[in-house]
$ cat my_file19.cif   # mmCIF, C-alpha atoms
data_model
#
loop_
_atom_site.label_atom_id
_atom_site.label_comp_id
_atom_site.auth_asym_id
_atom_site.auth_seq_id
_atom_site.Cartn_x
_atom_site.Cartn_y
_atom_site.Cartn_z
CA MET U 1 112.52 117.36 144.45
CA LYS U 2 111.64 116.08 141.00
CA ASP U 3 111.04 118.69 138.31
CA TYR U 4 107.50 117.57 137.50
CA GLU U 5 106.95 120.31 134.94
CA LYS U 6 110.06 119.28 133.00
CA LEU U 7 109.00 115.63 133.12
CA SER U 8 105.48 116.51 131.93
CA ARG U 9 106.85 118.61 129.07
CA GLU U 10 109.15 115.79 127.91
CA HIS U 11 106.43 113.15 128.33
CA PHE U 12 103.80 115.00 126.29
CA ASN U 13 106.27 116.13 123.65
CA ARG U 14 107.03 112.44 123.06
CA GLN U 15 103.33 111.56 122.95
CA ALA U 16 102.22 114.49 120.80
CA PRO U 17 102.45 112.93 117.28
CA ILE U 18 100.00 110.13 118.13
CA TYR U 19 98.22 111.51 121.21
CA ASP U 20 94.83 112.09 119.56
CA ILE U 21 95.00 108.83 117.63
CA LYS U 22 95.84 106.51 120.54
CA ASN U 23 92.55 106.11 122.40
CA THR U 24 94.02 104.38 125.46
CA ALA U 25 94.45 105.24 129.15
CA TYR U 26 98.11 106.11 128.63
CA TYR U 27 97.24 108.55 125.86
CA SER U 28 93.99 110.43 125.19
CA ARG U 29 91.10 108.20 126.36
CA GLU U 30 90.46 109.95 129.68
CA GLY U 31 91.06 113.34 128.08
CA LYS U 32 88.40 112.71 125.46
CA ILE U 33 85.89 111.68 128.14
CA SER U 34 86.59 114.86 130.11
CA CYS U 35 86.44 117.05 127.00
CA ALA U 36 83.10 115.60 125.94
CA ASP U 37 81.69 116.26 129.40
CA ILE U 38 82.94 119.86 129.46
CA ALA U 39 81.54 120.49 125.97
CA GLU U 40 78.17 119.14 127.04
CA GLN U 41 78.21 121.37 130.12
CA LEU U 42 78.95 124.44 127.99
CA LYS U 43 76.41 123.64 125.27
CA ASP U 44 73.86 126.19 126.47
CA VAL U 45 76.27 128.64 128.14
CA LYS U 46 76.91 131.99 126.43
CA TYR U 47 80.52 133.15 126.68
CA LEU U 48 82.81 135.45 124.72
CA ARG U 49 86.27 134.28 125.83
CA LEU U 50 87.39 130.85 127.01
CA LEU U 51 90.80 129.67 128.22
CA ASP U 52 91.77 125.99 128.23
CA VAL U 53 94.68 125.41 130.64
CA GLY U 54 96.77 122.38 129.71
CA CYS U 55 95.13 122.41 126.28
CA GLY U 56 97.35 119.71 124.75
CA THR U 57 96.57 119.25 121.07
CA GLY U 58 93.62 121.66 121.19
CA TYR U 59 91.10 118.79 121.23
CA LEU U 60 88.62 120.55 123.54
CA ILE U 61 88.88 123.92 121.81
CA ASP U 62 88.32 122.22 118.46
CA MET U 63 85.11 120.68 119.85
CA LEU U 64 83.91 123.95 121.36
CA SER U 65 84.65 125.98 118.24
CA LYS U 66 82.18 123.79 116.35
CA GLN U 67 79.63 124.34 119.11
CA THR U 68 79.72 128.16 119.13
CA LYS U 69 80.94 130.61 116.50
CA SER U 70 80.76 133.76 118.62
CA ALA U 71 83.60 133.08 121.09
CA GLU U 72 87.35 133.60 121.21
CA PHE U 73 89.40 130.62 122.38
CA TYR U 74 92.78 130.57 124.08
CA GLY U 75 94.84 127.50 124.89
CA ILE U 76 98.01 127.23 126.96
CA ASP U 77 100.29 124.24 127.52
CA ILE U 78 103.89 123.64 128.62
CA ALA U 79 104.58 121.11 125.83
CA ASP U 80 105.68 122.91 122.67
CA GLU U 81 104.99 119.88 120.45
CA MET U 82 101.39 119.81 121.68
CA ILE U 83 101.03 123.53 120.96
CA LYS U 84 102.49 123.00 117.49
CA LEU U 85 99.80 120.39 116.76
CA SER U 86 97.00 122.58 118.11
CA ARG U 87 98.13 125.47 115.91
CA ASN U 88 98.29 123.18 112.88
CA LYS U 89 94.56 122.47 113.29
CA CYS U 90 93.92 126.08 112.20
CA ILE U 91 90.92 126.45 114.52
CA GLU U 92 89.00 129.65 113.82
CA ASN U 93 89.23 132.32 116.57
CA ALA U 94 91.76 130.27 118.56
CA VAL U 95 95.16 131.33 119.90
CA PHE U 96 97.58 128.80 121.41
CA SER U 97 100.56 129.66 123.62
CA ILE U 98 103.34 127.86 125.47
CA GLY U 99 103.15 128.54 129.19
CA SER U 100 102.51 127.31 132.73
CA ALA U 101 99.25 127.08 134.64
CA ASN U 102 100.68 128.96 137.63
CA MET U 103 101.73 132.01 135.55
CA LEU U 104 98.95 132.75 133.08
CA PRO U 105 99.90 135.59 130.70
CA PHE U 106 96.48 137.25 130.80
CA GLU U 107 95.02 140.24 132.61
CA ASP U 108 92.63 139.99 135.53
CA GLY U 109 89.01 139.18 134.67
CA PHE U 110 89.72 138.50 130.99
CA PHE U 111 87.75 135.24 130.56
CA ASP U 112 84.15 134.11 130.95
CA VAL U 113 85.21 130.45 131.22
CA VAL U 114 88.42 128.67 132.23
CA THR U 115 88.67 124.92 131.65
CA CYS U 116 91.24 122.34 132.76
CA SER U 117 90.91 118.75 131.59
CA GLN U 118 93.16 115.86 132.64
CA SER U 119 96.19 118.00 133.44
CA PHE U 120 95.67 119.13 137.03
CA HIS U 121 97.31 115.98 138.46
CA HIS U 122 100.53 117.05 136.69
CA TYR U 123 100.73 120.37 138.57
CA PRO U 124 103.22 120.63 141.47
CA TYR U 125 101.75 124.12 142.09
CA ARG U 126 98.06 123.25 142.35
CA GLU U 127 97.04 126.11 144.65
CA GLN U 128 98.80 128.69 142.48
CA ALA U 129 97.24 127.23 139.31
CA MET U 130 93.77 127.46 140.83
CA SER U 131 94.42 131.01 142.08
CA GLU U 132 95.52 132.01 138.57
CA ALA U 133 92.32 130.55 137.09
CA TYR U 134 90.35 132.60 139.62
CA ARG U 135 92.33 135.76 138.81
CA VAL U 136 91.79 135.67 135.04
CA LEU U 137 88.06 134.90 135.33
CA LYS U 138 85.38 137.56 135.30
CA LYS U 139 83.08 137.78 138.29
CA GLY U 140 80.43 135.10 137.79
CA GLY U 141 82.70 133.18 135.38
CA ASN U 142 82.94 129.38 135.33
CA TYR U 143 86.00 127.30 136.21
CA ILE U 144 85.47 123.75 134.94
CA LEU U 145 88.02 121.18 136.11
CA SER U 146 87.81 117.58 134.94
CA ASP U 147 90.39 115.03 136.02
CA THR U 148 91.06 111.48 137.15
CA GLY U 149 91.77 110.92 140.82
CA ILE U 150 91.25 108.91 143.95
CA GLY U 151 91.32 109.49 147.69
CA GLY U 152 92.17 107.51 150.80
CA ILE U 153 94.98 104.98 150.91
CA GLY U 154 95.08 104.78 147.10
CA ALA U 155 95.85 108.50 146.88
CA TRP U 156 98.53 108.19 149.56
CA LEU U 157 100.22 105.34 147.67
CA ASP U 158 100.10 107.24 144.37
CA ASN U 159 101.31 110.54 145.79
CA ASN U 160 104.02 109.17 148.06
CA ILE U 161 105.28 106.10 146.22
CA PHE U 162 104.11 105.40 142.67
CA PHE U 163 104.23 108.94 141.25
CA LYS U 164 107.74 109.39 142.63
CA LEU U 165 108.85 106.43 140.51
CA LEU U 166 107.19 107.55 137.29
CA LYS U 167 108.82 109.74 134.65
CA SER U 168 105.58 111.03 133.11
CA GLY U 169 105.20 114.09 135.33
CA ASP U 170 102.22 112.74 137.28
CA CYS U 171 102.45 114.62 140.53
CA HIS U 172 99.43 114.51 142.82
CA THR U 173 96.14 112.63 142.59
CA GLN U 174 93.07 114.26 144.11
CA ASN U 175 89.51 113.01 144.29
CA ARG U 176 86.39 115.04 143.55
CA LYS U 177 85.80 116.07 147.17
CA GLY U 178 89.40 117.24 147.44
CA ILE U 179 89.00 119.42 144.36
CA GLU U 180 85.77 120.88 145.76
CA LYS U 181 87.64 121.81 148.96
CA MET U 182 90.48 123.41 146.97
CA MET U 183 88.04 125.43 144.86
CA LYS U 184 86.25 126.74 147.93
CA SER U 185 89.59 127.74 149.48
CA ALA U 186 90.45 129.61 146.27
CA GLY U 187 87.20 131.60 146.51
CA PHE U 188 84.95 129.64 144.15
CA GLU U 189 81.37 128.65 144.83
CA ILE U 190 80.69 125.06 143.75
CA ALA U 191 78.05 124.97 141.02
CA SER U 192 78.21 121.26 140.18
CA SER U 193 80.30 118.21 141.08
CA ARG U 194 79.92 114.68 139.76
CA GLN U 195 81.68 111.48 138.80
CA ILE U 196 81.33 111.02 135.05
CA SER U 197 83.11 107.70 134.40
CA GLY U 198 84.96 105.50 136.84
CA MET U 199 87.53 107.69 138.61
CA ILE U 200 86.95 110.62 136.22
CA TYR U 201 85.07 113.59 137.64
CA THR U 202 84.11 117.14 136.69
CA VAL U 203 83.78 119.98 139.20
CA THR U 204 82.55 123.45 138.24
CA GLY U 205 83.18 126.52 140.37
CA ILE U 206 81.82 130.04 139.94
CA LYS U 207 83.90 133.10 140.77
CA LYS U 208 82.05 134.99 143.47
#
$ encode --input "my_file19.cif" --output "structure tokens"
Amino acid sequence: MKDYEKLSREHFNRQAPIYDIKNTAYYSREGKISCADIAEQLKDVKYLRLLDVGCGTGYLIDMLSKQTKSAEFYGIDIADEMIKLSRNKCIENAVFSIGSANMLPFEDGFFDVVTCSQSFHHYPYREQAMSEAYRVLKKGGNYILSDTGIGGIGAWLDNNIFFKLLKSGDCHTQNRKGIEKMMKSAGFEIASSRQISGMIYTVTGIKK
């Protein structure tokens, strides 16, 4: 089996120096769309601690830190070059760490919000990653997942043929309905679910 995490780490370490600058599908275009949607969704939400899983260059946390001054922000990513860039932004009240989505180094019920934008399709351990998000959330906390994905024959072709040929760490595409089903299985109650642009969607679950 391919080591998708290793491939993702190498891929994003290579991209890191120009990731924010290159506004294309191969770089940060979809990520920026997802981040803008998450920020809009959190505009009127009061929270004290937020974790961004697969935080990349800290783009989302940088946006959110300008939106609210009363919260602590935590970002985690497997690509050390991405984490280096996020730390270099010197975002107030933000801590960035190298780590994996399926082994979050935080205690149970530590966060009010957990976000995940445009990285879930890189996870070979999707169920574990979602369970970890559930674990570190407080009761009533929000899990906001925004990604690009398809279903049907297109998903089968991606997951069984195309992704196996790529070296970018893309692992498993999932459409919005599939993510809803996964969230429910993990114990979340679906609060909202919508397509935001083309194949990009955002699904929000609440920890029961």
$ resolve_selection --input "my_file19.cif" --expression "the PyMOL selection byres ((chain U and resi 133) around 10)" --output "JSON, numbers by chain"
{"U": [51, 52, 53, 101, 102, 103, 104, 108, 109, 111, 113, 114, 115, 116, 127, 128, 129, 130, 131, 132, 134, 135, 136, 137, 142, 143, 144, 186, 207]}
$ residues_around --input "my_file19.cif" --residues "Phe73 in chain U" --least-positions-apart "2" --cutoff "9 Å" --atoms "only C-alpha atoms" --output "list in words"
Leu48, Arg49, Leu50, Leu51, Asp52, Ile61, Leu64, Ser65, Ala71, Gly75, Glu92, Asn93, Ala94, Val95 and Phe96 of chain U
$ residues_around --input "my_file19.cif" --residues "range 172-179 of chain U" --least-positions-apart "3" --cutoff "9 Å" --atoms "all atoms listed in the file" --output "ChimeraX atom specification"
/U:120-124,126,145,147-152,155-156,158-160,163,182-184,193-195,199-203
$ resolve_selection --input "my_file19.cif" --expression "the PyMOL selection byres ((chain U and resi 63) around 10)" --output "CSV table (one decimal) with C-alpha atoms, keeping the file's coordinate frame"
chain,number,residue,atom,x,y,z
U,35,CYS,CA,86.4,117.0,127.0
U,36,ALA,CA,83.1,115.6,125.9
U,38,ILE,CA,82.9,119.9,129.5
U,39,ALA,CA,81.5,120.5,126.0
U,58,GLY,CA,93.6,121.7,121.2
U,59,TYR,CA,91.1,118.8,121.2
U,60,LEU,CA,88.6,120.6,123.5
U,61,ILE,CA,88.9,123.9,121.8
U,62,ASP,CA,88.3,122.2,118.5
U,64,LEU,CA,83.9,124.0,121.4
U,65,SER,CA,84.6,126.0,118.2
U,66,LYS,CA,82.2,123.8,116.4
U,67,GLN,CA,79.6,124.3,119.1
U,68,THR,CA,79.7,128.2,119.1
U,91,ILE,CA,90.9,126.4,114.5
$ atom_distance --input "my_file19.cif" --atom1 "CA of Lys208 in chain U" --atom2 "CA of Gly141 in chain U"
8.3 Å
$ residues_around --input "my_file19.cif" --residues "range 6-18 of chain U" --least-positions-apart "4" --cutoff "7 Å" --atoms "only C-alpha atoms" --output "PyMOL selection string"
chain U and resi 22+78-82+122+167-169
$ closest_residue --input "my_file19.cif" --among "U:Ser28, U:Ser70, U:Ser100, U:Thr57" --to "Arg87 in chain U" --atoms "all atoms listed in the file"
U:Thr57
$ atom_distance --input "my_file19.cif" --atom1 "CA of Cys55 in chain U" --atom2 "CA of Asn88 in chain U"
13.8 Å
$ atom_distance --input "my_file19.cif" --atom1 "CA of Gly140 in chain U" --atom2 "CA of Ile83 in chain U"
29.0 Å
$ closest_residue --input "my_file19.cif" --among "U:Gly99, U:Pro105, U:Gly187, U:Gly54" --to "Ser119 in chain U" --atoms "all atoms listed in the file"
U:Gly54
$ decode --input "my_file19.cif" --residues "range 59-103 of chain U" --atoms "C-alpha atoms" --output "tab-separated table (two decimals), in the first residue's frame"
chain	number	residue	atom	x	y	z
U	59	TYR	CA	-4.14	30.77	5.99
U	60	LEU	CA	-7.45	30.05	7.76
U	61	ILE	CA	-6.14	30.83	11.24
U	62	ASP	CA	-4.73	34.11	9.95
U	63	MET	CA	-8.19	35.02	8.63
U	64	LEU	CA	-9.95	34.00	11.83
U	65	SER	CA	-7.49	35.83	14.08
U	66	LYS	CA	-8.48	39.08	12.36
U	67	GLN	CA	-12.14	38.19	12.89
U	68	THR	CA	-11.97	37.59	16.66
U	69	LYS	CA	-9.40	38.68	19.22
U	70	SER	CA	-10.67	36.61	22.14
U	71	ALA	CA	-9.78	33.10	20.93
U	72	GLU	CA	-6.77	30.80	21.04
U	73	PHE	CA	-5.85	29.12	17.76
U	74	TYR	CA	-4.06	25.83	17.18
U	75	GLY	CA	-2.93	24.45	13.85
U	76	ILE	CA	-1.54	21.01	13.04
U	77	ASP	CA	-0.08	19.69	9.78
U	78	ILE	CA	2.22	16.84	8.71
U	79	ALA	CA	4.31	19.08	6.40
U	80	ASP	CA	7.08	20.77	8.39
U	81	GLU	CA	7.70	23.39	5.69
U	82	MET	CA	4.05	24.44	5.87
U	83	ILE	CA	4.28	24.71	9.66
U	84	LYS	CA	7.45	26.78	9.33
U	85	LEU	CA	5.59	29.26	7.10
U	86	SER	CA	2.59	29.43	9.43
U	87	ARG	CA	4.86	30.17	12.40
U	88	ASN	CA	6.66	32.87	10.41
U	89	LYS	CA	3.36	34.74	10.06
U	90	CYS	CA	3.56	35.48	13.81
U	91	ILE	CA	-0.21	35.24	14.26
U	92	GLU	CA	-1.29	36.44	17.69
U	93	ASN	CA	-2.60	33.70	20.04
U	94	ALA	CA	-1.74	30.94	17.54
U	95	VAL	CA	0.30	27.77	18.10
U	96	PHE	CA	1.35	25.54	15.20
U	97	SER	CA	2.53	21.94	15.51
U	98	ILE	CA	3.70	19.12	13.25
U	99	GLY	CA	1.42	16.10	13.57
U	100	SER	CA	-1.17	13.77	12.07
U	101	ALA	CA	-4.94	14.09	11.99
U	102	ASN	CA	-5.43	10.59	13.40
U	103	MET	CA	-3.29	11.25	16.52
